[in-house]
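Student: Dumping the structure here so I can ask a few things about it.
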Amino acid sequence: MILSKILKNTFLVLIFGLVVSACATKKTTTPAKMDSQIQGDVYVGTDTVGELAKGVPDRVFFATNESILTTKSRDTLRKQAAWLRENTNVNVVIEGHADERGTREYNLALGERRANAAKDYLMTYGISADRISVISYGKERPVDPGSNPLSWSKNRRSVTVKAN
């Protein structure tokens with residue numbers, strides 16, 4: 001009886017230790033676009049509006065848990081709209097992203113709201129909805145894998161990329 005209780009307690013301590021150590025492990029996910037960089041507000045990566053049009057930022061940033069466009073974001077999107085009006089053969093995908101905090105489901109929904117906010121704003125400047133699609137990556141593709149306020153602010157974004 002006493003031996004059974006000792007074994008049970010030992011087992012519980014081992015399980016608890018494994019759980020605690022698993023929670024303490026530093027997250028080391030590699031961002032999908034680690035080969036790219038941010039230069040100012042322009043994402044230097046594959047097929048972004050920033051690469052297609054010199055001086056046209058390809059991303060807008062958001063506050064925590066928000067999908068409301070800031071004044072700076074609206075200015076960036078007006079530049080994108082002007083470029084898209086001049087380049088009618090280009091279709092784009094607006095990627096919505098979130099930082100690592102929150103559940104996967106919450107961040108996918110938030111990323112979609114952010115991408116749709118950017119799409120809606122481009123449409124108010126005459127860009128056809130047929131030329132814009134949206135996708136949410138939630139927290140799955142951080143541009144900065146850090147776990148601090150600066151990293152989170154870089155990851156709360158929407159990015160306009162050329163559609164294939």
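To be explicit about the labels: the chains of the structure tokens are called A, B, and onward in the order shown, and within each one the residues are counted from 1, while ligands get numbers from 1 in the order they are shown.
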If you run DSSP over the backbone, which residues in range 57-150 of chain A end up strand (DSSP E)? Put them as a VMD selection string.
Tutor: chain A and resid 59 to 61 92 to 97 132 to 138
Student: Could you dump the residues just selected with N, CA and C atoms as a CSV table (one decimal), in the first residue's frame?
Tutor:
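As a result, part19.csv now contains:
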```
chain,number,residue,atom,x,y,z
A,59,ARG,N,3.7,47.1,-46.7
A,59,ARG,CA,3.0,46.6,-45.5
A,59,ARG,C,2.5,47.8,-44.7
A,60,VAL,N,1.5,47.4,-43.9
A,60,VAL,CA,0.9,48.3,-42.9
A,60,VAL,C,0.9,47.6,-41.6
A,61,PHE,N,1.0,48.4,-40.5
A,61,PHE,CA,1.1,47.8,-39.2
A,61,PHE,C,-0.1,48.2,-38.4
A,92,VAL,N,-3.1,41.4,-56.7
A,92,VAL,CA,-2.3,41.3,-55.5
A,92,VAL,C,-3.1,40.4,-54.5
A,93,VAL,N,-2.3,39.9,-53.6
A,93,VAL,CA,-2.8,39.2,-52.4
A,93,VAL,C,-2.4,40.0,-51.2
A,94,ILE,N,-3.3,40.2,-50.3
A,94,ILE,CA,-3.0,40.9,-49.1
A,94,ILE,C,-3.0,39.9,-48.0
A,95,GLU,N,-1.8,39.7,-47.4
A,95,GLU,CA,-1.6,38.7,-46.3
A,95,GLU,C,-1.8,39.4,-45.0
A,96,GLY,N,-2.7,38.8,-44.2
A,96,GLY,CA,-2.9,39.3,-42.8
A,96,GLY,C,-2.1,38.5,-41.8
A,97,HIS,N,-1.4,39.2,-40.9
A,97,HIS,CA,-0.6,38.5,-39.9
A,97,HIS,C,-0.9,39.1,-38.5
A,132,ILE,N,-7.9,41.9,-56.0
A,132,ILE,CA,-7.3,41.7,-54.7
A,132,ILE,C,-7.9,40.5,-54.0
A,133,SER,N,-7.0,39.6,-53.5
A,133,SER,CA,-7.5,38.5,-52.7
A,133,SER,C,-6.8,38.6,-51.3
A,134,VAL,N,-7.4,38.0,-50.4
A,134,VAL,CA,-6.8,38.1,-49.0
A,134,VAL,C,-6.6,36.7,-48.5
A,135,ILE,N,-5.6,36.6,-47.6
A,135,ILE,CA,-5.3,35.3,-46.9
A,135,ILE,C,-4.8,35.7,-45.5
A,136,SER,N,-5.1,34.9,-44.6
A,136,SER,CA,-4.6,35.2,-43.2
A,136,SER,C,-3.6,34.0,-42.8
A,137,TYR,N,-2.5,34.5,-42.3
A,137,TYR,CA,-1.5,33.5,-41.8
A,137,TYR,C,-1.5,33.5,-40.3
A,138,GLY,N,-2.3,34.4,-39.7
A,138,GLY,CA,-2.3,34.5,-38.2
A,138,GLY,C,-0.9,34.7,-37.7
```
Student: So that I can see what lies close to Ala117 in chain A, please list as a PyMOL selection string the residues with an atom at most 10 Å from it, counting only C-alpha atoms and leaving out residues fewer than 2 positions away in the same chain.
Tutor: chain A and resi 67-69+94+96+111-115+119-123+158
Student: To one decimal in Å, tell me the separation between CA of Thr88 in chain A and CA of Ser128 in chain A.
Tutor: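 That distance, rounded to one decimal, is 9.8 Å.
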Student: So the first atom is CA of Gly55 in chain A and the second is CA of Lys72 in chain A; what is the distance between them in Å, to one decimal place?
Tutor: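 Taking CA of Gly55 in chain A as the start and CA of Lys72 in chain A as the end point, the length is 14.3 Å.
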Student: Which of range 51-164 of chain A counts as helix (DSSP H, G or I) under DSSP, as a VMD selection string please?
Tutor: chain A and resid 51 to 52 71 to 86 104 to 124 129 to 131 149 to 155
Student: Write out, as a PDB file, in the first residue's frame, the residues just selected, with C-alpha atoms.
Tutor:
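Contents of selection_4.pdb, freshly written:
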```pdb
ATOM      1  CA  GLU A  51       9.958  45.515 -54.894  1.00  0.00           C
ATOM      2  CA  LEU A  52       7.679  46.303 -57.803  1.00  0.00           C
ATOM      3  CA  THR A  71      -3.060  57.450 -40.548  1.00  0.00           C
ATOM      4  CA  LYS A  72       0.325  56.105 -41.671  1.00  0.00           C
ATOM      5  CA  SER A  73      -1.294  52.861 -42.872  1.00  0.00           C
ATOM      6  CA  ARG A  74      -3.853  54.781 -44.928  1.00  0.00           C
ATOM      7  CA  ASP A  75      -1.045  56.830 -46.498  1.00  0.00           C
ATOM      8  CA  THR A  76       0.792  53.621 -47.436  1.00  0.00           C
ATOM      9  CA  LEU A  77      -2.368  52.112 -48.936  1.00  0.00           C
ATOM     10  CA  ARG A  78      -3.037  55.293 -50.968  1.00  0.00           C
ATOM     11  CA  LYS A  79       0.459  54.896 -52.477  1.00  0.00           C
ATOM     12  CA  GLN A  80      -0.270  51.233 -53.239  1.00  0.00           C
ATOM     13  CA  ALA A  81      -3.605  52.180 -54.837  1.00  0.00           C
ATOM     14  CA  ALA A  82      -1.938  54.797 -57.042  1.00  0.00           C
ATOM     15  CA  TRP A  83       0.636  52.242 -58.170  1.00  0.00           C
ATOM     16  CA  LEU A  84      -2.037  49.602 -58.796  1.00  0.00           C
ATOM     17  CA  ARG A  85      -4.097  52.072 -60.887  1.00  0.00           C
ATOM     18  CA  GLU A  86      -1.027  52.609 -63.094  1.00  0.00           C
ATOM     19  CA  ARG A 104      -4.243  30.103 -33.444  1.00  0.00           C
ATOM     20  CA  GLU A 105      -7.932  30.561 -34.251  1.00  0.00           C
ATOM     21  CA  TYR A 106      -8.081  34.084 -32.808  1.00  0.00           C
ATOM     22  CA  ASN A 107      -4.977  35.164 -34.720  1.00  0.00           C
ATOM     23  CA  LEU A 108      -6.216  33.694 -38.016  1.00  0.00           C
ATOM     24  CA  ALA A 109      -9.453  35.671 -37.644  1.00  0.00           C
ATOM     25  CA  LEU A 110      -7.524  38.821 -36.667  1.00  0.00           C
ATOM     26  CA  GLY A 111      -5.167  38.433 -39.636  1.00  0.00           C
ATOM     27  CA  GLU A 112      -8.172  38.123 -41.944  1.00  0.00           C
ATOM     28  CA  ARG A 113      -9.761  41.280 -40.492  1.00  0.00           C
ATOM     29  CA  ARG A 114      -6.479  43.136 -41.034  1.00  0.00           C
ATOM     30  CA  ALA A 115      -6.137  41.956 -44.629  1.00  0.00           C
ATOM     31  CA  ASN A 116      -9.766  42.854 -45.354  1.00  0.00           C
ATOM     32  CA  ALA A 117      -9.305  46.316 -43.827  1.00  0.00           C
ATOM     33  CA  ALA A 118      -6.441  46.938 -46.265  1.00  0.00           C
ATOM     34  CA  LYS A 119      -8.455  45.496 -49.180  1.00  0.00           C
ATOM     35  CA  ASP A 120     -11.492  47.641 -48.370  1.00  0.00           C
ATOM     36  CA  TYR A 121      -9.323  50.754 -48.243  1.00  0.00           C
ATOM     37  CA  LEU A 122      -7.711  49.965 -51.619  1.00  0.00           C
ATOM     38  CA  MET A 123     -11.190  49.477 -53.070  1.00  0.00           C
ATOM     39  CA  THR A 124     -12.229  52.965 -51.911  1.00  0.00           C
ATOM     40  CA  ALA A 129     -12.125  43.664 -55.701  1.00  0.00           C
ATOM     41  CA  ASP A 130     -11.424  41.193 -58.518  1.00  0.00           C
ATOM     42  CA  ARG A 131      -7.758  42.220 -58.424  1.00  0.00           C
ATOM     43  CA  PRO A 149       7.112  44.050 -27.776  1.00  0.00           C
ATOM     44  CA  LEU A 150       9.332  45.154 -30.688  1.00  0.00           C
ATOM     45  CA  SER A 151       9.010  41.767 -32.415  1.00  0.00           C
ATOM     46  CA  TRP A 152       5.267  41.708 -31.823  1.00  0.00           C
ATOM     47  CA  SER A 153       4.865  45.173 -33.375  1.00  0.00           C
ATOM     48  CA  LYS A 154       6.682  44.013 -36.539  1.00  0.00           C
ATOM     49  CA  ASN A 155       4.476  40.921 -36.796  1.00  0.00           C
TER      50      ASN A 155
END
```
